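Peer 1: Structure: structure02.cif, mmCIF, C-alpha atoms.
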```
data_data
loop_
_atom_site.group_PDB
_atom_site.id
_atom_site.type_symbol
_atom_site.label_atom_id
_atom_site.label_comp_id
_atom_site.auth_asym_id
_atom_site.auth_seq_id
_atom_site.Cartn_x
_atom_site.Cartn_y
_atom_site.Cartn_z
ATOM 1 C CA MET A 48 0.000 0.000 0.000
ATOM 2 C CA THR A 49 1.400 3.399 -0.938
ATOM 3 C CA GLU A 50 1.858 6.178 1.602
ATOM 4 C CA GLN A 51 -1.079 8.032 0.023
ATOM 5 C CA ASN A 52 -3.320 4.954 0.235
ATOM 6 C CA THR A 53 -2.403 4.513 3.891
ATOM 7 C CA TYR A 54 -3.194 8.176 4.523
ATOM 8 C CA ASP A 55 -6.561 7.839 2.765
ATOM 9 C CA TYR A 56 -7.441 4.702 4.743
ATOM 10 C CA ASN A 57 -6.612 6.482 7.998
ATOM 11 C CA ARG A 58 -8.970 9.304 7.059
ATOM 12 C CA ILE A 59 -11.728 6.864 6.164
ATOM 13 C CA ALA A 60 -11.137 4.988 9.418
ATOM 14 C CA LYS A 61 -11.469 8.263 11.315
ATOM 15 C CA ALA A 62 -14.738 8.935 9.501
ATOM 16 C CA ILE A 63 -16.014 5.464 10.422
ATOM 17 C CA GLU A 64 -15.135 6.124 14.059
ATOM 18 C CA TYR A 65 -17.005 9.420 13.951
ATOM 19 C CA ILE A 66 -20.070 7.733 12.427
ATOM 20 C CA ARG A 67 -19.954 4.988 15.041
ATOM 21 C CA GLU A 68 -19.910 7.514 17.863
ATOM 22 C CA HIS A 69 -22.520 9.898 16.420
ATOM 23 C CA PHE A 70 -24.932 7.683 14.500
ATOM 24 C CA GLN A 71 -27.823 8.619 16.805
ATOM 25 C CA GLN A 72 -27.542 12.215 15.595
ATOM 26 C CA GLN A 73 -27.430 11.065 11.963
ATOM 27 C CA PRO A 74 -24.695 13.538 10.968
ATOM 28 C CA ASN A 75 -24.861 14.834 7.427
ATOM 29 C CA LEU A 76 -22.093 14.812 4.834
ATOM 30 C CA ASN A 77 -20.779 18.239 5.828
ATOM 31 C CA GLU A 78 -20.560 17.316 9.506
ATOM 32 C CA ILE A 79 -18.658 14.095 8.864
ATOM 33 C CA ALA A 80 -16.320 15.755 6.382
ATOM 34 C CA ASP A 81 -15.672 18.575 8.828
ATOM 35 C CA ALA A 82 -14.801 16.072 11.566
ATOM 36 C CA ILE A 83 -11.929 14.697 9.479
ATOM 37 C CA HIS A 84 -10.935 18.092 8.088
ATOM 38 C CA ILE A 85 -11.683 17.490 4.433
ATOM 39 C CA SER A 86 -14.013 19.189 1.955
ATOM 40 C CA PRO A 87 -17.458 17.551 1.579
ATOM 41 C CA PHE A 88 -16.935 17.100 -2.176
ATOM 42 C CA HIS A 89 -13.567 15.387 -1.784
ATOM 43 C CA PHE A 90 -14.835 13.293 1.139
ATOM 44 C CA GLN A 91 -17.861 12.063 -0.823
ATOM 45 C CA ARG A 92 -15.650 10.970 -3.702
ATOM 46 C CA LEU A 93 -12.942 9.414 -1.540
ATOM 47 C CA PHE A 94 -15.408 7.519 0.629
ATOM 48 C CA SER A 95 -17.454 6.264 -2.320
ATOM 49 C CA ASP A 96 -14.309 5.023 -4.076
ATOM 50 C CA TRP A 97 -13.250 3.160 -0.938
ATOM 51 C CA ALA A 98 -16.611 1.686 0.123
ATOM 52 C CA GLY A 99 -18.495 1.531 -3.159
ATOM 53 C CA VAL A 100 -21.434 3.436 -1.658
ATOM 54 C CA SER A 101 -22.083 6.939 -0.349
ATOM 55 C CA PRO A 102 -21.221 7.926 3.244
ATOM 56 C CA LYS A 103 -24.946 8.193 4.001
ATOM 57 C CA LYS A 104 -25.631 4.603 3.006
ATOM 58 C CA PHE A 105 -22.514 3.393 4.741
ATOM 59 C CA MET A 106 -23.705 5.046 7.950
ATOM 60 C CA GLN A 107 -26.943 3.122 7.694
ATOM 61 C CA TYR A 108 -25.088 -0.161 7.324
ATOM 62 C CA THR A 109 -22.593 0.434 10.126
ATOM 63 C CA SER A 110 -24.845 2.007 12.761
ATOM 64 C CA ILE A 111 -25.511 0.107 15.920
ATOM 65 C CA GLU A 112 -29.156 -0.146 14.902
ATOM 66 C CA TYR A 113 -28.057 -2.454 12.096
ATOM 67 C CA ALA A 114 -26.859 -4.938 14.693
ATOM 68 C CA LYS A 115 -29.823 -4.444 17.019
ATOM 69 C CA LYS A 116 -32.339 -5.207 14.277
ATOM 70 C CA LEU A 117 -30.712 -8.582 13.766
ATOM 71 C CA LEU A 118 -31.105 -9.341 17.455
ATOM 72 C CA ALA A 119 -34.399 -7.634 18.289
ATOM 73 C CA ASN A 120 -36.780 -10.567 17.707
ATOM 74 C CA ASN A 121 -36.009 -13.255 20.257
ATOM 75 C CA LYS A 122 -38.226 -15.695 18.348
ATOM 76 C CA CYS A 123 -36.064 -15.392 15.263
ATOM 77 C CA SER A 124 -32.530 -16.725 14.964
ATOM 78 C CA LEU A 125 -29.718 -14.463 13.848
ATOM 79 C CA SER A 126 -29.342 -16.301 10.566
ATOM 80 C CA GLU A 127 -33.090 -15.986 9.881
ATOM 81 C CA ALA A 128 -33.084 -12.288 10.805
ATOM 82 C CA SER A 129 -30.088 -11.651 8.579
ATOM 83 C CA PHE A 130 -31.671 -13.504 5.674
ATOM 84 C CA LYS A 131 -34.993 -11.663 6.020
ATOM 85 C CA THR A 132 -33.252 -8.306 5.877
ATOM 86 C CA GLY A 133 -31.338 -9.334 2.763
ATOM 87 C CA LEU A 134 -27.991 -8.756 4.453
ATOM 88 C CA SER A 135 -26.627 -12.215 3.894
ATOM 89 C CA SER A 136 -26.769 -15.146 1.557
ATOM 90 C CA THR A 137 -26.690 -18.639 2.977
ATOM 91 C CA SER A 138 -24.611 -19.757 -0.002
ATOM 92 C CA ARG A 139 -21.783 -17.446 1.038
ATOM 93 C CA LEU A 140 -20.383 -19.432 3.913
ATOM 94 C CA HIS A 141 -16.684 -19.245 4.519
ATOM 95 C CA ASP A 142 -16.566 -22.941 5.313
ATOM 96 C CA LEU A 143 -17.370 -23.678 1.673
ATOM 97 C CA PHE A 144 -13.944 -22.315 0.826
ATOM 98 C CA ILE A 145 -11.738 -22.602 3.917
ATOM 99 C CA LYS A 146 -10.537 -25.744 5.663
ATOM 100 C CA ILE A 147 -8.665 -25.782 8.963
ATOM 101 C CA GLU A 148 -5.800 -28.167 9.526
ATOM 102 C CA GLY A 149 -4.432 -27.909 13.043
ATOM 103 C CA MET A 150 -0.691 -28.100 13.485
ATOM 104 C CA THR A 151 0.544 -31.237 15.192
ATOM 105 C CA PRO A 152 2.526 -30.872 18.418
ATOM 106 C CA GLY A 153 5.598 -31.961 16.453
ATOM 107 C CA GLU A 154 5.122 -29.188 13.914
ATOM 108 C CA PHE A 155 4.694 -26.528 16.555
ATOM 109 C CA LYS A 156 7.170 -27.597 19.242
ATOM 110 C CA ASN A 157 10.587 -25.995 19.438
ATOM 111 C CA GLY A 158 9.211 -22.753 18.031
ATOM 112 C CA GLY A 159 8.295 -24.224 14.654
ATOM 113 C CA LYS A 160 11.804 -25.500 13.947
ATOM 114 C CA SER A 161 10.561 -27.845 11.229
ATOM 115 C CA LEU A 162 8.458 -25.209 9.473
ATOM 116 C CA LYS A 163 9.340 -23.253 6.353
ATOM 117 C CA ILE A 164 7.206 -20.128 6.214
ATOM 118 C CA ASN A 165 6.657 -17.784 3.287
ATOM 119 C CA TYR A 166 5.392 -14.325 4.167
ATOM 120 C CA ASP A 167 4.634 -11.051 2.435
ATOM 121 C CA ILE A 168 3.232 -7.595 3.073
ATOM 122 C CA LYS A 169 -0.031 -6.951 1.247
ATOM 123 C CA THR A 170 -2.730 -4.315 0.967
ATOM 124 C CA SER A 171 -6.419 -4.636 1.756
ATOM 125 C CA PRO A 172 -9.432 -2.321 1.922
ATOM 126 C CA PHE A 173 -8.708 -2.022 5.646
ATOM 127 C CA GLY A 174 -5.014 -1.234 5.667
ATOM 128 C CA ASN A 175 -1.731 -3.102 5.457
ATOM 129 C CA LEU A 176 -1.574 -6.743 6.435
ATOM 130 C CA ILE A 177 1.043 -9.429 6.763
ATOM 131 C CA ILE A 178 0.181 -12.890 5.494
ATOM 132 C CA ALA A 179 2.234 -16.052 6.010
ATOM 133 C CA SER A 180 1.929 -19.675 4.967
ATOM 134 C CA THR A 181 3.495 -23.081 5.327
ATOM 135 C CA GLU A 182 3.345 -25.737 2.634
ATOM 136 C CA LYS A 183 -0.001 -26.825 4.122
ATOM 137 C CA GLY A 184 -1.786 -23.470 4.249
ATOM 138 C CA ILE A 185 -2.108 -19.992 5.776
ATOM 139 C CA CYS A 186 -0.602 -19.903 9.262
ATOM 140 C CA HIS A 187 -0.826 -16.188 10.045
ATOM 141 C CA MET A 188 -2.679 -13.124 8.764
ATOM 142 C CA SER A 189 -2.758 -9.865 10.648
ATOM 143 C CA PHE A 190 -3.406 -6.168 10.088
ATOM 144 C CA PHE A 191 -0.635 -3.872 11.272
ATOM 145 C CA ALA A 192 0.247 -0.209 11.552
ATOM 146 C CA ASN A 193 4.021 -0.653 11.569
ATOM 147 C CA LYS A 194 5.761 -3.074 9.190
ATOM 148 C CA GLU A 195 8.616 -3.930 11.535
ATOM 149 C CA THR A 196 6.222 -4.632 14.388
ATOM 150 C CA GLY A 197 4.068 -6.791 12.125
ATOM 151 C CA VAL A 198 7.002 -8.911 10.965
ATOM 152 C CA ASN A 199 8.379 -9.249 14.492
ATOM 153 C CA ASP A 200 4.963 -10.368 15.734
ATOM 154 C CA LEU A 201 4.886 -13.131 13.111
ATOM 155 C CA LYS A 202 8.411 -14.321 13.821
ATOM 156 C CA SER A 203 7.844 -14.319 17.580
ATOM 157 C CA LYS A 204 5.149 -16.966 17.099
ATOM 158 C CA PHE A 205 7.534 -19.254 15.196
ATOM 159 C CA PRO A 206 10.979 -18.185 16.479
ATOM 160 C CA ASN A 207 12.847 -21.181 15.048
ATOM 161 C CA ALA A 208 11.108 -21.451 11.677
ATOM 162 C CA LYS A 209 12.815 -20.633 8.393
ATOM 163 C CA PHE A 210 11.259 -17.502 6.860
ATOM 164 C CA GLN A 211 11.281 -16.358 3.266
ATOM 165 C CA LEU A 212 9.812 -13.131 1.876
ATOM 166 C CA GLN A 213 7.698 -14.649 -0.869
ATOM 167 C CA THR A 214 4.094 -14.825 -2.104
ATOM 168 C CA ASP A 215 2.821 -18.322 -2.763
ATOM 169 C CA GLU A 216 -0.371 -19.963 -4.032
ATOM 170 C CA HIS A 217 -1.926 -20.251 -0.572
ATOM 171 C CA GLN A 218 -1.578 -16.524 -0.043
ATOM 172 C CA SER A 219 -2.884 -15.608 -3.492
ATOM 173 C CA LYS A 220 -6.030 -17.692 -2.970
ATOM 174 C CA ALA A 221 -6.630 -16.190 0.465
ATOM 175 C CA LEU A 222 -6.358 -12.600 -0.748
ATOM 176 C CA LEU A 223 -9.151 -13.230 -3.262
ATOM 177 C CA PHE A 224 -11.578 -13.012 -0.356
ATOM 178 C CA PHE A 225 -11.284 -9.236 -0.586
ATOM 179 C CA ASN A 226 -12.799 -9.394 -4.100
ATOM 180 C CA ASN A 227 -16.451 -9.807 -5.024
ATOM 181 C CA ASP A 228 -16.193 -12.858 -7.262
ATOM 182 C CA TRP A 229 -17.637 -15.411 -4.857
ATOM 183 C CA ASP A 230 -18.517 -17.909 -7.579
ATOM 184 C CA ASN A 231 -14.913 -18.694 -8.480
ATOM 185 C CA ARG A 232 -13.370 -19.313 -5.068
ATOM 186 C CA GLU A 233 -10.900 -22.119 -4.648
ATOM 187 C CA VAL A 234 -10.412 -23.909 -1.345
ATOM 188 C CA VAL A 235 -8.183 -21.962 1.037
ATOM 189 C CA LYS A 236 -6.422 -24.062 3.641
ATOM 190 C CA LEU A 237 -5.417 -22.822 7.079
ATOM 191 C CA HIS A 238 -2.528 -24.418 8.941
ATOM 192 C CA ILE A 239 -2.815 -23.077 12.472
ATOM 193 C CA ASN A 240 -2.045 -23.998 16.038
ATOM 194 C CA GLY A 241 -4.682 -23.997 18.741
ATOM 195 C CA THR A 242 -6.227 -26.015 21.520
ATOM 196 C CA PRO A 243 -9.092 -28.346 20.560
ATOM 197 C CA PHE A 244 -11.516 -25.813 22.068
ATOM 198 C CA GLN A 245 -10.006 -22.895 20.118
ATOM 199 C CA LEU A 246 -10.147 -24.835 16.842
ATOM 200 C CA GLN A 247 -13.786 -25.699 17.570
ATOM 201 C CA VAL A 248 -14.626 -22.016 18.104
ATOM 202 C CA TRP A 249 -12.737 -20.901 14.988
ATOM 203 C CA ARG A 250 -14.576 -23.503 12.883
ATOM 204 C CA ALA A 251 -17.862 -22.112 14.221
ATOM 205 C CA LEU A 252 -16.817 -18.613 13.146
ATOM 206 C CA LEU A 253 -16.290 -19.867 9.597
ATOM 207 C CA LYS A 254 -19.985 -20.732 9.439
ATOM 208 C CA ILE A 255 -21.183 -17.165 10.024
ATOM 209 C CA PRO A 256 -22.503 -15.998 6.630
ATOM 210 C CA PHE A 257 -20.847 -13.138 4.799
ATOM 211 C CA ALA A 258 -22.253 -9.755 5.969
ATOM 212 C CA SER A 259 -24.064 -11.394 8.891
ATOM 213 C CA LEU A 260 -23.456 -11.138 12.628
ATOM 214 C CA ASP A 261 -23.561 -13.498 15.585
ATOM 215 C CA THR A 262 -23.054 -13.263 19.361
ATOM 216 C CA TYR A 263 -20.660 -14.888 21.810
ATOM 217 C CA GLY A 264 -23.582 -16.679 23.447
ATOM 218 C CA ASN A 265 -24.813 -18.114 20.168
ATOM 219 C CA ILE A 266 -21.336 -19.339 19.280
ATOM 220 C CA ALA A 267 -21.215 -21.124 22.654
ATOM 221 C CA GLU A 268 -24.540 -22.787 21.858
ATOM 222 C CA LYS A 269 -23.329 -23.865 18.439
ATOM 223 C CA ILE A 270 -20.378 -25.710 19.958
ATOM 224 C CA ASP A 271 -22.732 -27.303 22.531
ATOM 225 C CA ASN A 272 -21.237 -25.458 25.476
ATOM 226 C CA VAL A 273 -23.815 -22.843 26.474
ATOM 227 C CA LYS A 274 -21.935 -21.832 29.632
ATOM 228 C CA ALA A 275 -18.719 -21.076 27.767
ATOM 229 C CA SER A 276 -19.448 -17.554 26.474
ATOM 230 C CA ARG A 277 -16.451 -16.085 28.259
ATOM 231 C CA ALA A 278 -14.160 -18.858 27.072
ATOM 232 C CA VAL A 279 -15.513 -18.358 23.554
ATOM 233 C CA GLY A 280 -14.584 -14.680 23.798
ATOM 234 C CA THR A 281 -11.053 -15.585 24.875
ATOM 235 C CA ALA A 282 -10.671 -18.035 21.986
ATOM 236 C CA ILE A 283 -11.954 -15.434 19.518
ATOM 237 C CA GLY A 284 -9.433 -12.941 20.873
ATOM 238 C CA LYS A 285 -6.626 -15.385 20.028
ATOM 239 C CA ASN A 286 -7.726 -15.869 16.419
ATOM 240 C CA PRO A 287 -4.476 -15.901 14.375
ATOM 241 C CA ILE A 288 -6.091 -15.315 10.970
ATOM 242 C CA ALA A 289 -7.600 -11.859 10.467
ATOM 243 C CA TYR A 290 -10.699 -11.603 8.264
ATOM 244 C CA LEU A 291 -10.597 -15.165 6.857
ATOM 245 C CA ILE A 292 -11.650 -16.494 10.258
ATOM 246 C CA PRO A 293 -14.330 -13.806 10.661
ATOM 247 C CA CYS A 294 -14.134 -12.897 14.333
ATOM 248 C CA HIS A 295 -15.227 -9.396 13.265
ATOM 249 C CA ARG A 296 -18.745 -10.816 12.791
ATOM 250 C CA VAL A 297 -19.153 -11.587 16.490
ATOM 251 C CA ILE A 298 -20.769 -8.834 18.553
ATOM 252 C CA GLN A 299 -22.252 -8.372 22.000
ATOM 253 C CA SER A 300 -25.810 -9.524 22.665
ATOM 254 C CA SER A 301 -26.771 -5.879 23.298
ATOM 255 C CA GLY A 302 -25.990 -5.086 19.661
ATOM 256 C CA ASN A 303 -22.789 -3.189 20.410
ATOM 257 C CA PHE A 304 -19.958 -4.179 18.109
ATOM 258 C CA GLY A 305 -17.491 -4.512 20.982
ATOM 259 C CA GLU A 306 -13.723 -4.789 20.810
ATOM 260 C CA TYR A 307 -11.559 -6.240 18.055
ATOM 261 C CA ARG A 308 -8.021 -7.562 18.154
ATOM 262 C CA TRP A 309 -7.068 -5.368 15.195
ATOM 263 C CA ASN A 310 -8.842 -2.163 16.338
ATOM 264 C CA LYS A 311 -12.572 -1.661 16.904
ATOM 265 C CA THR A 312 -12.744 1.064 14.233
ATOM 266 C CA ARG A 313 -11.454 -1.444 11.689
ATOM 267 C CA LYS A 314 -14.127 -3.892 12.901
ATOM 268 C CA SER A 315 -16.863 -1.324 12.192
ATOM 269 C CA ALA A 316 -15.332 -0.658 8.793
ATOM 270 C CA ILE A 317 -15.262 -4.348 7.859
ATOM 271 C CA ILE A 318 -18.854 -4.933 8.970
ATOM 272 C CA GLY A 319 -20.038 -1.967 6.926
ATOM 273 C CA TRP A 320 -17.901 -2.935 3.928
ATOM 274 C CA GLU A 321 -19.377 -6.433 3.878
ATOM 275 C CA ALA A 322 -22.920 -5.098 4.191
ATOM 276 C CA CYS A 323 -22.288 -2.727 1.300
ATOM 277 C CA ARG A 324 -20.848 -5.490 -0.866
ATOM 278 C CA GLU A 325 -23.787 -7.764 -0.080
ATOM 279 C CA LYS A 326 -26.315 -5.071 -0.968
ATOM 280 C CA THR A 327 -24.625 -4.339 -4.296
ATOM 281 C CA ALA A 328 -23.849 -7.978 -5.204
#
```
Could you express the structure from this file as structure tokens?

Peer 2:
Amino acid sequence: MTEQNTYDYNRIAKAIEYIREHFQQQPNLNEIADAIHISPFHFQRLFSDWAGVSPKKFMQYTSIEYAKKLLANNKCSLSEASFKTGLSSTSRLHDLFIKIEGMTPGEFKNGGKSLKINYDIKTSPFGNLIIASTEKGICHMSFFANKETGVNDLKSKFPNAKFQLQTDEHQSKALLFFNNDWDNREVVKLHINGTPFQLQVWRALLKIPFASLDTYGNIAEKIDNVKASRAVGTAIGKNPIAYLIPCHRVIQSSGNFGEYRWNKTRKSAIIGWEACREKTA
């Protein structure tokens, strides 16, 4: 991502944060543009290029009310509520395209000594990210603000692995998830380390439809452990694969979006971006 693209994303992220905090006042274009110190005309164009819709429509998609409507009817499941509002398509399940293969203890012990890991720095609609893969699949994907910090974070997880700055087929397939061509997806494999409980939670996240939302409590129910909401939250917080394992689609039962490992403003942006893409698909 170029320096200008990073600067533009930061401005859009600031606008998303402003919308998230002021949605109840329904700020107009001028007010949002003024909050990020940019002309309304330039802001409208920049935002529309980034999101594919106007700031006004994006505000509708990302407001807290969007989440509350999905949860308002206790007699209706989240998936049913999402489907009825046209915000999701049951055919767009991540688990149709992504398969998890847990690392064996032998592969992970000694700091990944036996692993050869390719990694690269890539761009996304939500900022820079680092993506890494073994011969079996994606082992790490994370948004970052500082390149050196991002690389060090990866290497700290596999301190004895052999690293090579290189894009491979696993990475190329994974990055296609930021495009709209859902009909031509190939299987993306994930090669990650986690406890049996964590892997169970992450598999459940893969079943949340594109542009839909779920709650920690519902995820606990889906893994047949209704009392494990807090443990589910902890497992979600340790998700090693940003976006592909869609922890951004899990919100609080109150409808608040809640925290996100890679910044809560980015979480709001991703939720709105997916809703926009679903509406225009």

Peer 1: Grab the CA of Asn77 (chain A) to CA of Ala62 (chain A) distance for me, in Å with one decimal place.

Peer 2: 11.7 Å

Peer 1: Could you tell me which residues the PyMOL selection byres ((chain A and resi 244) around 12) grabs in this file, written as a list in words?

Peer 2: Gly149, Asn240, Gly241, Thr242, Pro243, Gln245, Leu246, Gln247, Val248, Trp249, Arg250, Ala251, Ala267, Ile270, Asp271, Asn272, Ala275, Ala278, Val279, Gly280, Thr281, Ala282, Ile283 and Lys285 of chain A

Peer 1: Quick check, in Å to one decimal: how far apart do CA of Ile288 (chain A) and CA of Asn165 (chain A) lie?

Peer 2: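 Between these atoms lies a distance of 15.1 Å.
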
Peer 1: List the residues matched by the PyMOL selection byres ((chain A and resi 169) around 10) in the displayed structure as a list in words, ordered by chain and then by residue number.

Peer 2: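 For this structure, the PyMOL selection byres ((chain A and resi 169) around 10) resolves to Met48, Tyr166, Asp167, Ile168, Thr170, Ser171, Gly174, Asn175, Leu176, Ile177, Ile178, Phe190, Thr214, Gln218 and Leu222 of chain A.
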
Peer 1: Can you tell me how far CA of Ile66 (chain A) sits from CA of Ile79 (chain A), in Å to one decimal?

Peer 2: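 Atom-to-atom, CA of Ile66 (chain A) to CA of Ile79 (chain A), that is 7.4 Å.
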
Peer 1: List the residues sitting within 8 Å of (-4.8, -0.8, 16.7) in the file's frame, using all atoms listed in the file, as an mmCIF file with C-alpha atoms, in the frame of the given file.

Peer 2:
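To be explicit, this is the file written out as part26.cif:
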```cif
data_model
loop_
_atom_site.group_PDB
_atom_site.id
_atom_site.type_symbol
_atom_site.label_atom_id
_atom_site.label_comp_id
_atom_site.auth_asym_id
_atom_site.auth_seq_id
_atom_site.Cartn_x
_atom_site.Cartn_y
_atom_site.Cartn_z
ATOM 1 C CA PHE A 191 -0.635 -3.872 11.272
ATOM 2 C CA ALA A 192 0.247 -0.209 11.552
ATOM 3 C CA ARG A 308 -8.021 -7.562 18.154
ATOM 4 C CA TRP A 309 -7.068 -5.368 15.195
ATOM 5 C CA ASN A 310 -8.842 -2.163 16.338
ATOM 6 C CA LYS A 311 -12.572 -1.661 16.904
#
```
